[in-house]
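A short write-up of the structure that comes next.
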Amino acid sequence: MDSYLIQVNGHGDHAPMLDVHLKTNGNGISLGKVKGRKPRWAVRASEMSKKTFNPVRAIVDSMKVEPNPKKAMISLSLGDPTVFGNLPTNDEVTRAVKEVLDSGRYNGYAPSVGYQSCREAVAAYYNCPEAPLEAQDVILTSGCSQAIELALAVLANPGQNILVPRPGFSLYKTLALSMGIEVKLYNLLPEKAWEIDLKHLESLVDEKTACLIVNNPSNPCGSVFSKSHLQKILAVASRQCVPILADEIYGDMVFADCKYEPIATLSTNVPILSCGGLAKRWLVPGWRMGWILIHDRRDIFGNEIRDGLLRLSQRILGPCTIVQGALERILHRTPPEFYHNTLSILKSNADLCYAALSAIPGLQPVRPAGAMYLMVEIEMEHFPEFENDVEFTERLISEQSVFCLPATCFEYPNFFRVVITVPEEMILEACSRIQEFCEMHYQGAEGAQDLECDK
């Protein structure tokens with residue numbers, strides 16, 4: 001056996017010399033025992049995972065407060081209409097899924113963008129002369145959250161920016177930052193029923209702006225934009241040549257004195273990806289069925305965006321096939337009374353909550369017009385013992401066992417959000433406790449000044 005000494009640069013985990021024995025037997029060379037680098041475990045989380053940050057979870061998990069053991073907990077924090085059982089889905093919806101399950105015909109893989117027949121059903125449901133849709137314009141997704149993720153991923157590259165409402169749904173920022181996309185926050189105006197500050201919005205646009213997110217009806221605000229306001233938003237997008245990602249998961253969930261206008265019905269020249277799903281209107285968020293509607297009447301997106309969405313959808317091979325199989329029946333056979341009854345309950349709760357909180361010194365609720373939420377301003381100058389909305393809501397839990405989300409979760413400090421899907425008696429009890437809490441801690445102008453001086 002011949003032995004050869006091989007010298008390498010000495011850096012990192014490598015010794016400057018490796019003693020490698022090469023066995024030569026006339027039939028080639030085989031590698032003998034290598035002395036030097038010792039293998040070791042070095043498994044680290046990816047950069048994408050490190051950039052993924054949910055502000056709601058971060059804030060809520062850090063609160064770590066115990067409710068008052070003498071009072072039953074009332075949670076007005078979670079946007080899940082199924083929690084208390086007072087808003088069940090319609091029997092027709094449930095039967096549709098049962099029949100599909102019993103048929104055994106939807107247990108396999110579907111195309112990653114969804115079954116053709118299901119895409120046709122969604123297109124037929126939302127098609128209208130002002131915004132025509134065909135099956136090829138529909139991408140089925142695993143819930144509306146995945147629809148938003150795919151829409152962001154196809155429109156924006158790392159280093160670009162997106163325009164996001166403030167206050168706004170925290171998932172937009174969570175997804176964008178994990179993808180290396182910058183978030184620019186445009187202001188909503190509480191004194192104008194949460195309309196967009198259009199001048200501020202337009203001032204944020206630059207050459208790296210990839211899309212504008214418009215959430216209507218709104219989480220967390222419960223606001224619904226008028227037709228004229230939507231037209232002004234579209235005018236900004238048209239002037240600046242910025243496509244719109246429309247989060248319309250609460251579409252049609254508006255109260256009787258208001259009208260919902262899908263933004264795509266008001267424009268022929270702004271390309272729009274509209275995201276929706278079954279979660280809220282049909283009261284089945286756990287079924288994870290969403291969709292993207294592609295509105296591109298001037299062919300600005302062209303084939304590139306459609307092809308991109310197709311490729312991105314192949315990452316998880318499409319949404320639940322059982323729910324897909326029931327989709328046509330759910331969309332087209334759910335009775336109108338079901339939607340009407342749901343909205344009647346939400347409107348009644350919204351009115352009760354708004355009236356009760358409006359009567360409490362130091363609070364200024366903003367009347368909602370749809371969705372499932374109500375935002376309340378805390379006049380912090382009258383509650384000087386609390387630093388901010390997070391401290392206010394922490395103490396509300398510990399003293400009154402009422403949990404509302406501090407609006408810092410939505411980039412909007414000194415407000416809190418109330419979910420209005422709970423039973424009526426629970427809304428009334430919660431508002432009564434909030435009143436008791438505020439009366440206990442409220443300071444008039446003189447009292448607040450005295451407390452500041454004591455600090």
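Ordering of the structure tokens sets the chain letters (A, B, ...), residue numbers begin anew at 1 in every chain, and ligands are numbered from 1 in the order given.
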Can you pull out every residue within 9 Å of stretch 277-282 of chain A, counting only C-alpha atoms, but drop anything in the same chain fewer than 3 positions away, and send it as a PyMOL selection string? chain A and resi 80-81+88-90+93+140-141+143-144+147+248-253+285-292+330-331+334+338-339+342+371-372
Just want the 7 Å neighbourhood of stretch 127-131 of chain A, counted on only C-alpha atoms, with same-chain residues fewer than 2 positions away dropped. Output as a ChimeraX atom specification. /A:123-125,133,264-265
Give me, please, the distance in Å between atom CA of A:Val122 and atom CA of A:Leu78, quoted to one decimal.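 Computed distance, atom CA of A:Val122 to atom CA of A:Leu78, equals 27.8 Å.
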DSSP on the backbone, then: every residue of stretch 19-117 of chain A marked helix (DSSP H, G or I), written as a ChimeraX atom specification. /A:47-51,55-63,91-103,116-117
Using Å and a single decimal, report how far atom CA of A:Ile294 sits from atom CA of A:Gln136.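 Taking atom CA of A:Gln136 as the start and atom CA of A:Ile294 as the end point, the length is 8.5 Å.
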Apply DSSP to the structure's backbone, then extract all residues of stretch 82-290 of chain A labelled strand (DSSP E) and return them as a ChimeraX atom specification. /A:138-141,161-166,182-189,195-196,209-215,244-247,272-277,290
Go ahead and save the picked residues with N, CA, C and O atoms, as a compact mmCIF listing (two decimals), in the first residue's frame.
```txt
# COMPACT_ATOMS: atom_id res chain seq x y z
N VAL A 138 -60.40 31.30 -10.78
CA VAL A 138 -60.57 30.88 -9.38
C VAL A 138 -59.46 29.92 -8.99
O VAL A 138 -59.20 28.93 -9.68
N ILE A 139 -58.80 30.21 -7.87
CA ILE A 139 -57.83 29.30 -7.26
C ILE A 139 -58.37 28.93 -5.89
O ILE A 139 -58.58 29.81 -5.04
N LEU A 140 -58.62 27.65 -5.64
CA LEU A 140 -59.08 27.22 -4.32
C LEU A 140 -57.89 27.04 -3.39
O LEU A 140 -56.83 26.55 -3.81
N THR A 141 -58.07 27.42 -2.13
CA THR A 141 -56.96 27.44 -1.17
C THR A 141 -57.40 26.87 0.17
O THR A 141 -58.59 26.70 0.44
N ASN A 161 -42.09 46.28 -1.13
CA ASN A 161 -42.95 46.62 0.00
C ASN A 161 -44.42 46.49 -0.39
O ASN A 161 -44.77 46.54 -1.57
N ILE A 162 -45.25 46.31 0.62
CA ILE A 162 -46.70 46.28 0.43
C ILE A 162 -47.33 47.31 1.36
O ILE A 162 -46.77 47.67 2.40
N LEU A 163 -48.51 47.79 0.98
CA LEU A 163 -49.22 48.80 1.77
C LEU A 163 -50.34 48.10 2.54
O LEU A 163 -51.20 47.44 1.96
N VAL A 164 -50.32 48.28 3.86
CA VAL A 164 -51.17 47.53 4.78
C VAL A 164 -51.94 48.50 5.67
O VAL A 164 -51.37 49.49 6.15
N PRO A 165 -53.24 48.25 5.93
CA PRO A 165 -54.01 49.17 6.77
C PRO A 165 -53.58 49.15 8.24
O PRO A 165 -53.17 48.12 8.77
N ARG A 166 -53.69 50.34 8.86
CA ARG A 166 -53.47 50.47 10.30
C ARG A 166 -54.65 51.22 10.90
O ARG A 166 -54.85 52.38 10.55
N GLU A 182 -41.12 44.24 2.88
CA GLU A 182 -41.32 45.35 3.81
C GLU A 182 -42.80 45.71 3.89
O GLU A 182 -43.53 45.63 2.91
N VAL A 183 -43.24 46.10 5.09
CA VAL A 183 -44.63 46.52 5.31
C VAL A 183 -44.66 48.02 5.56
O VAL A 183 -43.95 48.54 6.42
N LYS A 184 -45.49 48.72 4.78
CA LYS A 184 -45.74 50.14 5.01
C LYS A 184 -47.20 50.29 5.44
O LYS A 184 -48.11 49.83 4.76
N LEU A 185 -47.41 50.93 6.59
CA LEU A 185 -48.73 51.03 7.18
C LEU A 185 -49.40 52.34 6.80
O LEU A 185 -48.86 53.42 7.04
N TYR A 186 -50.59 52.24 6.18
CA TYR A 186 -51.36 53.45 5.90
C TYR A 186 -52.48 53.58 6.92
O TYR A 186 -53.02 52.58 7.42
N ASN A 187 -52.86 54.81 7.24
CA ASN A 187 -53.77 55.07 8.35
C ASN A 187 -55.24 54.97 7.95
O ASN A 187 -55.64 55.43 6.87
N LEU A 188 -56.03 54.39 8.83
CA LEU A 188 -57.48 54.46 8.78
C LEU A 188 -57.92 55.52 9.80
O LEU A 188 -57.26 55.74 10.81
N LEU A 189 -59.04 56.17 9.53
CA LEU A 189 -59.46 57.34 10.32
C LEU A 189 -60.71 57.00 11.14
O LEU A 189 -61.82 56.89 10.58
N GLU A 195 -62.49 55.17 7.38
CA GLU A 195 -62.08 55.34 5.99
C GLU A 195 -60.56 55.48 5.91
O GLU A 195 -59.88 55.82 6.89
N ILE A 196 -60.01 55.21 4.72
CA ILE A 196 -58.57 55.32 4.51
C ILE A 196 -58.17 56.78 4.39
O ILE A 196 -58.85 57.58 3.73
N THR A 209 -43.11 49.39 -4.45
CA THR A 209 -44.42 48.97 -3.93
C THR A 209 -45.02 47.89 -4.84
O THR A 209 -45.23 48.12 -6.03
N ALA A 210 -45.29 46.72 -4.27
CA ALA A 210 -45.76 45.57 -5.05
C ALA A 210 -47.28 45.47 -5.07
O ALA A 210 -47.85 45.00 -6.06
N CYS A 211 -47.95 45.86 -3.97
CA CYS A 211 -49.41 45.78 -3.96
C CYS A 211 -49.98 46.57 -2.79
O CYS A 211 -49.27 46.90 -1.83
N LEU A 212 -51.26 46.84 -2.90
CA LEU A 212 -52.03 47.53 -1.86
C LEU A 212 -53.04 46.54 -1.31
O LEU A 212 -53.83 45.96 -2.07
N ILE A 213 -53.03 46.32 0.01
CA ILE A 213 -54.03 45.45 0.65
C ILE A 213 -55.21 46.31 1.10
O ILE A 213 -55.04 47.29 1.83
N VAL A 214 -56.40 45.93 0.65
CA VAL A 214 -57.64 46.60 1.07
C VAL A 214 -58.52 45.55 1.74
O VAL A 214 -58.89 44.55 1.12
N ASN A 215 -58.81 45.76 3.03
CA ASN A 215 -59.65 44.83 3.80
C ASN A 215 -61.01 45.46 4.03
O ASN A 215 -61.14 46.42 4.77
N ILE A 244 -54.16 45.51 -6.48
CA ILE A 244 -54.82 45.42 -5.18
C ILE A 244 -54.98 43.96 -4.77
O ILE A 244 -55.37 43.11 -5.57
N LEU A 245 -54.63 43.68 -3.53
CA LEU A 245 -54.98 42.43 -2.88
C LEU A 245 -56.16 42.75 -1.98
O LEU A 245 -56.02 43.47 -0.99
N ALA A 246 -57.35 42.27 -2.34
CA ALA A 246 -58.57 42.58 -1.60
C ALA A 246 -58.89 41.43 -0.65
O ALA A 246 -59.18 40.32 -1.10
N ASP A 247 -58.81 41.70 0.65
CA ASP A 247 -59.23 40.72 1.66
C ASP A 247 -60.72 40.94 1.90
O ASP A 247 -61.12 41.86 2.61
N ILE A 272 -56.89 42.98 -9.72
CA ILE A 272 -57.22 42.70 -8.32
C ILE A 272 -57.21 41.20 -8.07
O ILE A 272 -57.75 40.42 -8.86
N LEU A 273 -56.58 40.79 -6.97
CA LEU A 273 -56.71 39.44 -6.45
C LEU A 273 -57.60 39.53 -5.22
O LEU A 273 -57.21 40.11 -4.20
N SER A 274 -58.82 38.99 -5.32
CA SER A 274 -59.76 39.05 -4.21
C SER A 274 -59.73 37.73 -3.44
O SER A 274 -59.93 36.67 -4.03
N CYS A 275 -59.50 37.81 -2.13
CA CYS A 275 -59.40 36.62 -1.28
C CYS A 275 -60.65 36.48 -0.42
O CYS A 275 -61.09 37.44 0.21
N GLY A 276 -61.20 35.28 -0.41
CA GLY A 276 -62.40 35.02 0.40
C GLY A 276 -62.43 33.57 0.84
O GLY A 276 -61.44 32.85 0.73
N GLY A 277 -63.60 33.13 1.33
CA GLY A 277 -63.72 31.76 1.79
C GLY A 277 -65.00 31.52 2.55
O GLY A 277 -65.85 32.41 2.70
N GLY A 290 -60.86 28.31 1.21
CA GLY A 290 -60.78 29.69 0.73
C GLY A 290 -60.59 29.72 -0.77
O GLY A 290 -60.55 28.68 -1.44
```
Polymer residues at most 12 Å from A:Asn388, only C-alpha atoms, same-chain spacing of 5 or more positions, as a PyMOL selection string: chain A and resi 377-383+393-395+406-408+412-416
Any chance you can output those residues with N, CA, C and O atoms as a JSON list (two decimals), in the first residue's frame?
```json
[["chain", "number", "residue", "atom", "x", "y", "z"],
["A", 377, "GLU", "N", -62.05, 53.25, 21.58],
["A", 377, "GLU", "CA", -60.95, 54.10, 22.00],
["A", 377, "GLU", "C", -60.95, 54.25, 23.51],
["A", 377, "GLU", "O", -62.00, 54.44, 24.13],
["A", 378, "ILE", "N", -59.76, 54.16, 24.11],
["A", 378, "ILE", "CA", -59.59, 54.41, 25.54],
["A", 378, "ILE", "C", -59.01, 55.81, 25.69],
["A", 378, "ILE", "O", -57.93, 56.10, 25.15],
["A", 379, "GLU", "N", -59.72, 56.69, 26.34],
["A", 379, "GLU", "CA", -59.20, 58.04, 26.60],
["A", 379, "GLU", "C", -58.17, 57.93, 27.73],
["A", 379, "GLU", "O", -58.50, 58.08, 28.91],
["A", 380, "MET", "N", -56.94, 57.62, 27.35],
["A", 380, "MET", "CA", -55.92, 57.25, 28.32],
["A", 380, "MET", "C", -55.65, 58.33, 29.36],
["A", 380, "MET", "O", -55.23, 58.03, 30.48],
["A", 381, "GLU", "N", -55.90, 59.59, 29.00],
["A", 381, "GLU", "CA", -55.68, 60.67, 29.97],
["A", 381, "GLU", "C", -56.59, 60.55, 31.19],
["A", 381, "GLU", "O", -56.29, 61.08, 32.26],
["A", 382, "HIS", "N", -57.69, 59.81, 31.02],
["A", 382, "HIS", "CA", -58.61, 59.61, 32.14],
["A", 382, "HIS", "C", -58.34, 58.32, 32.90],
["A", 382, "HIS", "O", -59.02, 58.01, 33.88],
["A", 383, "PHE", "N", -57.35, 57.57, 32.44],
["A", 383, "PHE", "CA", -56.94, 56.35, 33.14],
["A", 383, "PHE", "C", -55.41, 56.39, 33.34],
["A", 383, "PHE", "O", -54.68, 55.54, 32.82],
["A", 393, "THR", "N", -56.13, 46.42, 29.29],
["A", 393, "THR", "CA", -56.83, 45.15, 29.05],
["A", 393, "THR", "C", -56.33, 44.05, 29.99],
["A", 393, "THR", "O", -57.11, 43.15, 30.35],
["A", 394, "GLU", "N", -55.07, 44.11, 30.41],
["A", 394, "GLU", "CA", -54.57, 43.16, 31.41],
["A", 394, "GLU", "C", -55.35, 43.28, 32.71],
["A", 394, "GLU", "O", -55.80, 42.29, 33.29],
["A", 395, "ARG", "N", -55.51, 44.51, 33.16],
["A", 395, "ARG", "CA", -56.22, 44.73, 34.42],
["A", 395, "ARG", "C", -57.71, 44.40, 34.29],
["A", 395, "ARG", "O", -58.35, 43.97, 35.24],
["A", 406, "PRO", "N", -56.08, 44.08, 23.10],
["A", 406, "PRO", "CA", -55.55, 45.43, 22.98],
["A", 406, "PRO", "C", -55.22, 45.71, 21.52],
["A", 406, "PRO", "O", -54.69, 44.85, 20.81],
["A", 407, "ALA", "N", -55.54, 46.91, 21.04],
["A", 407, "ALA", "CA", -55.37, 47.21, 19.61],
["A", 407, "ALA", "C", -53.91, 47.43, 19.23],
["A", 407, "ALA", "O", -53.62, 47.57, 18.05],
["A", 408, "THR", "N", -53.01, 47.39, 20.20],
["A", 408, "THR", "CA", -51.59, 47.32, 19.85],
["A", 408, "THR", "C", -51.33, 46.10, 18.97],
["A", 408, "THR", "O", -50.42, 46.10, 18.14],
["A", 412, "TYR", "N", -52.35, 49.73, 16.53],
["A", 412, "TYR", "CA", -53.17, 50.92, 16.81],
["A", 412, "TYR", "C", -53.36, 51.05, 18.32],
["A", 412, "TYR", "O", -54.39, 50.67, 18.86],
["A", 413, "PRO", "N", -52.37, 51.61, 19.03],
["A", 413, "PRO", "CA", -52.43, 51.67, 20.48],
["A", 413, "PRO", "C", -53.60, 52.51, 21.00],
["A", 413, "PRO", "O", -54.13, 53.38, 20.32],
["A", 414, "ASN", "N", -53.94, 52.20, 22.26],
["A", 414, "ASN", "CA", -54.96, 52.93, 23.03],
["A", 414, "ASN", "C", -56.38, 52.75, 22.51],
["A", 414, "ASN", "O", -57.26, 53.58, 22.74],
["A", 415, "PHE", "N", -56.59, 51.64, 21.86],
["A", 415, "PHE", "CA", -57.93, 51.13, 21.52],
["A", 415, "PHE", "C", -57.97, 49.68, 21.99],
["A", 415, "PHE", "O", -56.95, 49.08, 22.30],
["A", 416, "PHE", "N", -59.16, 49.10, 22.04],
["A", 416, "PHE", "CA", -59.28, 47.65, 22.16],
["A", 416, "PHE", "C", -60.40, 47.16, 21.25],
["A", 416, "PHE", "O", -61.29, 47.92, 20.88]]
```
Among the residues A:Leu405, A:Glu337, A:Val366, A:Leu310, the one that comes closest to A:Val56 [using only C-alpha atoms]: A:Leu405
Taking 3 positions as the minimum chain separation for residues in the same chain, which residues sit within 7 Å of stretch 304-309 of chain A when counting only C-alpha atoms? Answer as an MDAnalysis selection string. chainID A and resid 150 154 301 312:313
Test item: residues at most 9 Å from A:Gln314, only C-alpha atoms, excluding those fewer than 6 positions along its chain, as a list in words: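 Close residues of A:Gln314: Pro111, Ser112 and Val113 of chain A.
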Do you know which residues are at most 10 Å from A:Ala110 counting only C-alpha atoms, after dropping those on the same chain fewer than 3 positions away, and could you put them as a PDB file with all heavy atoms, in the first residue's frame?
```
ATOM      1  N   TYR A 106     -64.483  11.568  -2.826  1.00  0.00           N
ATOM      2  CA  TYR A 106     -63.596  12.727  -2.693  1.00  0.00           C
ATOM      3  C   TYR A 106     -62.498  12.476  -1.655  1.00  0.00           C
ATOM      4  O   TYR A 106     -62.153  13.359  -0.875  1.00  0.00           O
ATOM      5  CB  TYR A 106     -64.415  13.967  -2.311  1.00  0.00           C
ATOM      6  CG  TYR A 106     -65.316  14.449  -3.421  1.00  0.00           C
ATOM      7  CD1 TYR A 106     -66.611  13.966  -3.547  1.00  0.00           C
ATOM      8  CD2 TYR A 106     -64.865  15.367  -4.360  1.00  0.00           C
ATOM      9  CE1 TYR A 106     -67.448  14.393  -4.572  1.00  0.00           C
ATOM     10  CE2 TYR A 106     -65.689  15.802  -5.388  1.00  0.00           C
ATOM     11  CZ  TYR A 106     -66.974  15.313  -5.490  1.00  0.00           C
ATOM     12  OH  TYR A 106     -67.794  15.743  -6.515  1.00  0.00           O
ATOM     13  N   ASN A 107     -61.972  11.268  -1.669  1.00  0.00           N
ATOM     14  CA  ASN A 107     -60.927  10.921  -0.696  1.00  0.00           C
ATOM     15  C   ASN A 107     -59.514  11.014  -1.261  1.00  0.00           C
ATOM     16  O   ASN A 107     -58.545  10.805  -0.533  1.00  0.00           O
ATOM     17  CB  ASN A 107     -61.158   9.495  -0.177  1.00  0.00           C
ATOM     18  CG  ASN A 107     -62.445   9.379   0.623  1.00  0.00           C
ATOM     19  OD1 ASN A 107     -62.918  10.365   1.181  1.00  0.00           O
ATOM     20  ND2 ASN A 107     -63.010   8.186   0.670  1.00  0.00           N
ATOM     21  N   VAL A 113     -55.074  23.484  -7.692  1.00  0.00           N
ATOM     22  CA  VAL A 113     -55.891  24.707  -7.698  1.00  0.00           C
ATOM     23  C   VAL A 113     -57.358  24.411  -7.424  1.00  0.00           C
ATOM     24  O   VAL A 113     -58.186  25.315  -7.387  1.00  0.00           O
ATOM     25  CB  VAL A 113     -55.770  25.463  -9.042  1.00  0.00           C
ATOM     26  CG1 VAL A 113     -54.373  26.035  -9.210  1.00  0.00           C
ATOM     27  CG2 VAL A 113     -56.139  24.554 -10.209  1.00  0.00           C
ATOM     28  N   GLY A 114     -57.700  23.116  -7.218  1.00  0.00           N
ATOM     29  CA  GLY A 114     -59.066  22.728  -6.934  1.00  0.00           C
ATOM     30  C   GLY A 114     -59.707  22.002  -8.097  1.00  0.00           C
ATOM     31  O   GLY A 114     -59.283  22.126  -9.251  1.00  0.00           O
ATOM     32  N   TYR A 115     -60.744  21.222  -7.786  1.00  0.00           N
ATOM     33  CA  TYR A 115     -61.498  20.541  -8.845  1.00  0.00           C
ATOM     34  C   TYR A 115     -62.104  21.574  -9.798  1.00  0.00           C
ATOM     35  O   TYR A 115     -62.582  22.630  -9.378  1.00  0.00           O
ATOM     36  CB  TYR A 115     -62.642  19.729  -8.248  1.00  0.00           C
ATOM     37  CG  TYR A 115     -62.216  18.474  -7.522  1.00  0.00           C
ATOM     38  CD1 TYR A 115     -62.424  18.344  -6.154  1.00  0.00           C
ATOM     39  CD2 TYR A 115     -61.647  17.410  -8.201  1.00  0.00           C
ATOM     40  CE1 TYR A 115     -62.061  17.189  -5.470  1.00  0.00           C
ATOM     41  CE2 TYR A 115     -61.280  16.244  -7.535  1.00  0.00           C
ATOM     42  CZ  TYR A 115     -61.487  16.142  -6.174  1.00  0.00           C
ATOM     43  OH  TYR A 115     -61.118  15.001  -5.504  1.00  0.00           O
ATOM     44  N   GLN A 116     -62.117  21.243 -11.076  1.00  0.00           N
ATOM     45  CA  GLN A 116     -62.684  22.145 -12.076  1.00  0.00           C
ATOM     46  C   GLN A 116     -64.140  22.480 -11.756  1.00  0.00           C
ATOM     47  O   GLN A 116     -64.571  23.629 -11.846  1.00  0.00           O
ATOM     48  CB  GLN A 116     -62.570  21.505 -13.461  1.00  0.00           C
ATOM     49  CG  GLN A 116     -63.160  22.327 -14.594  1.00  0.00           C
ATOM     50  CD  GLN A 116     -62.339  23.564 -14.945  1.00  0.00           C
ATOM     51  OE1 GLN A 116     -61.221  23.733 -14.447  1.00  0.00           O
ATOM     52  NE2 GLN A 116     -62.889  24.438 -15.769  1.00  0.00           N
ATOM     53  N   LEU A 317     -50.553  21.038  -2.524  1.00  0.00           N
ATOM     54  CA  LEU A 317     -51.454  20.159  -3.286  1.00  0.00           C
ATOM     55  C   LEU A 317     -52.926  20.402  -3.008  1.00  0.00           C
ATOM     56  O   LEU A 317     -53.739  19.480  -3.050  1.00  0.00           O
ATOM     57  CB  LEU A 317     -51.100  18.687  -3.022  1.00  0.00           C
ATOM     58  CG  LEU A 317     -49.652  18.288  -3.344  1.00  0.00           C
ATOM     59  CD1 LEU A 317     -49.444  16.812  -3.074  1.00  0.00           C
ATOM     60  CD2 LEU A 317     -49.323  18.609  -4.798  1.00  0.00           C
ATOM     61  N   GLY A 318     -53.286  21.638  -2.715  1.00  0.00           N
ATOM     62  CA  GLY A 318     -54.694  22.016  -2.685  1.00  0.00           C
ATOM     63  C   GLY A 318     -55.396  21.826  -1.360  1.00  0.00           C
ATOM     64  O   GLY A 318     -54.901  21.158  -0.460  1.00  0.00           O
ATOM     65  N   PRO A 319     -56.608  22.407  -1.248  1.00  0.00           N
ATOM     66  CA  PRO A 319     -57.374  22.348   0.004  1.00  0.00           C
ATOM     67  C   PRO A 319     -58.154  21.042   0.141  1.00  0.00           C
ATOM     68  O   PRO A 319     -58.166  20.198  -0.761  1.00  0.00           O
ATOM     69  CB  PRO A 319     -58.328  23.539  -0.134  1.00  0.00           C
ATOM     70  CG  PRO A 319     -58.551  23.667  -1.600  1.00  0.00           C
ATOM     71  CD  PRO A 319     -57.249  23.265  -2.246  1.00  0.00           C
ATOM     72  N   CYS A 320     -58.836  20.898   1.268  1.00  0.00           N
ATOM     73  CA  CYS A 320     -59.578  19.692   1.627  1.00  0.00           C
ATOM     74  C   CYS A 320     -60.561  19.280   0.526  1.00  0.00           C
ATOM     75  O   CYS A 320     -61.441  20.044   0.131  1.00  0.00           O
ATOM     76  CB  CYS A 320     -60.329  19.939   2.928  1.00  0.00           C
ATOM     77  SG  CYS A 320     -61.390  18.577   3.417  1.00  0.00           S
ATOM     78  N   THR A 321     -60.432  18.049   0.057  1.00  0.00           N
ATOM     79  CA  THR A 321     -61.278  17.584  -1.041  1.00  0.00           C
ATOM     80  C   THR A 321     -62.713  17.318  -0.591  1.00  0.00           C
ATOM     81  O   THR A 321     -63.647  17.438  -1.382  1.00  0.00           O
ATOM     82  CB  THR A 321     -60.692  16.320  -1.681  1.00  0.00           C
ATOM     83  OG1 THR A 321     -60.488  15.333  -0.663  1.00  0.00           O
ATOM     84  CG2 THR A 321     -59.371  16.626  -2.364  1.00  0.00           C
ATOM     85  N   GLN A 324     -64.387  20.561  -0.750  1.00  0.00           N
ATOM     86  CA  GLN A 324     -64.527  20.907  -2.169  1.00  0.00           C
ATOM     87  C   GLN A 324     -65.748  20.210  -2.780  1.00  0.00           C
ATOM     88  O   GLN A 324     -66.525  20.819  -3.521  1.00  0.00           O
ATOM     89  CB  GLN A 324     -63.278  20.498  -2.954  1.00  0.00           C
ATOM     90  CG  GLN A 324     -62.088  21.418  -2.781  1.00  0.00           C
ATOM     91  CD  GLN A 324     -61.010  21.102  -3.802  1.00  0.00           C
ATOM     92  OE1 GLN A 324     -61.235  21.185  -5.003  1.00  0.00           O
ATOM     93  NE2 GLN A 324     -59.826  20.745  -3.328  1.00  0.00           N
TER      94      GLN A 324
END
```
For atom CA of A:Leu352 and atom CA of A:Leu283, quote the distance in Å rounded to one decimal.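 Pair atom CA of A:Leu352 / atom CA of A:Leu283 returns 21.7 Å.
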Please, which residues in stretch 349-428 of chain A fall within 6 Å of stretch 62-74 of chain A when counting only C-alpha atoms, and what is the closest atom pair and distance in Å to one decimal for each, ordered by chain then residue number, as JSON lines?
```
{"residue": "A:Ile397", "atom": "CA", "partner": "A:Pro67", "partner_atom": "CA", "distance": 5.1}
{"residue": "A:Ser398", "atom": "CA", "partner": "A:Pro67", "partner_atom": "CA", "distance": 4.3}
{"residue": "A:Glu399", "atom": "CA", "partner": "A:Asn68", "partner_atom": "CA", "distance": 5.4}
{"residue": "A:Ser401", "atom": "CA", "partner": "A:Pro67", "partner_atom": "CA", "distance": 4.7}
{"residue": "A:Val402", "atom": "CA", "partner": "A:Ile74", "partner_atom": "CA", "distance": 4.9}
```
For those residues, write N, CA, C and O atoms to a file as a JSON list (two decimals), in the first residue's frame.
```json
[["chain", "number", "residue", "atom", "x", "y", "z"],
["A", 397, "ILE", "N", -58.85, 41.97, 32.62],
["A", 397, "ILE", "CA", -58.91, 40.52, 32.81],
["A", 397, "ILE", "C", -58.79, 40.17, 34.30],
["A", 397, "ILE", "O", -59.59, 39.42, 34.84],
["A", 398, "SER", "N", -57.77, 40.72, 34.94],
["A", 398, "SER", "CA", -57.49, 40.32, 36.33],
["A", 398, "SER", "C", -58.58, 40.77, 37.30],
["A", 398, "SER", "O", -58.83, 40.11, 38.30],
["A", 399, "GLU", "N", -59.26, 41.89, 37.01],
["A", 399, "GLU", "CA", -60.28, 42.39, 37.92],
["A", 399, "GLU", "C", -61.69, 41.96, 37.55],
["A", 399, "GLU", "O", -62.52, 41.71, 38.42],
["A", 401, "SER", "N", -62.43, 39.65, 34.69],
["A", 401, "SER", "CA", -62.48, 38.42, 33.87],
["A", 401, "SER", "C", -63.15, 38.67, 32.53],
["A", 401, "SER", "O", -63.95, 37.85, 32.04],
["A", 402, "VAL", "N", -62.83, 39.80, 31.91],
["A", 402, "VAL", "CA", -63.29, 40.12, 30.56],
["A", 402, "VAL", "C", -62.04, 40.31, 29.70],
["A", 402, "VAL", "O", -61.17, 41.12, 30.03]]
```
Residue neighbourhood A:Ser77, 7 Å, only C-alpha atoms, exclusion window fewer than 4 positions, as a PyMOL selection string: chain A and resi 403-405+418-419
With distances taken over only C-alpha atoms, which residue among A:Asp257, A:Tyr354, A:His200, A:Thr268 lies nearest A:Gln231?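 Using only C-alpha atoms, the shortest distance to A:Gln231 belongs to A:Thr268.
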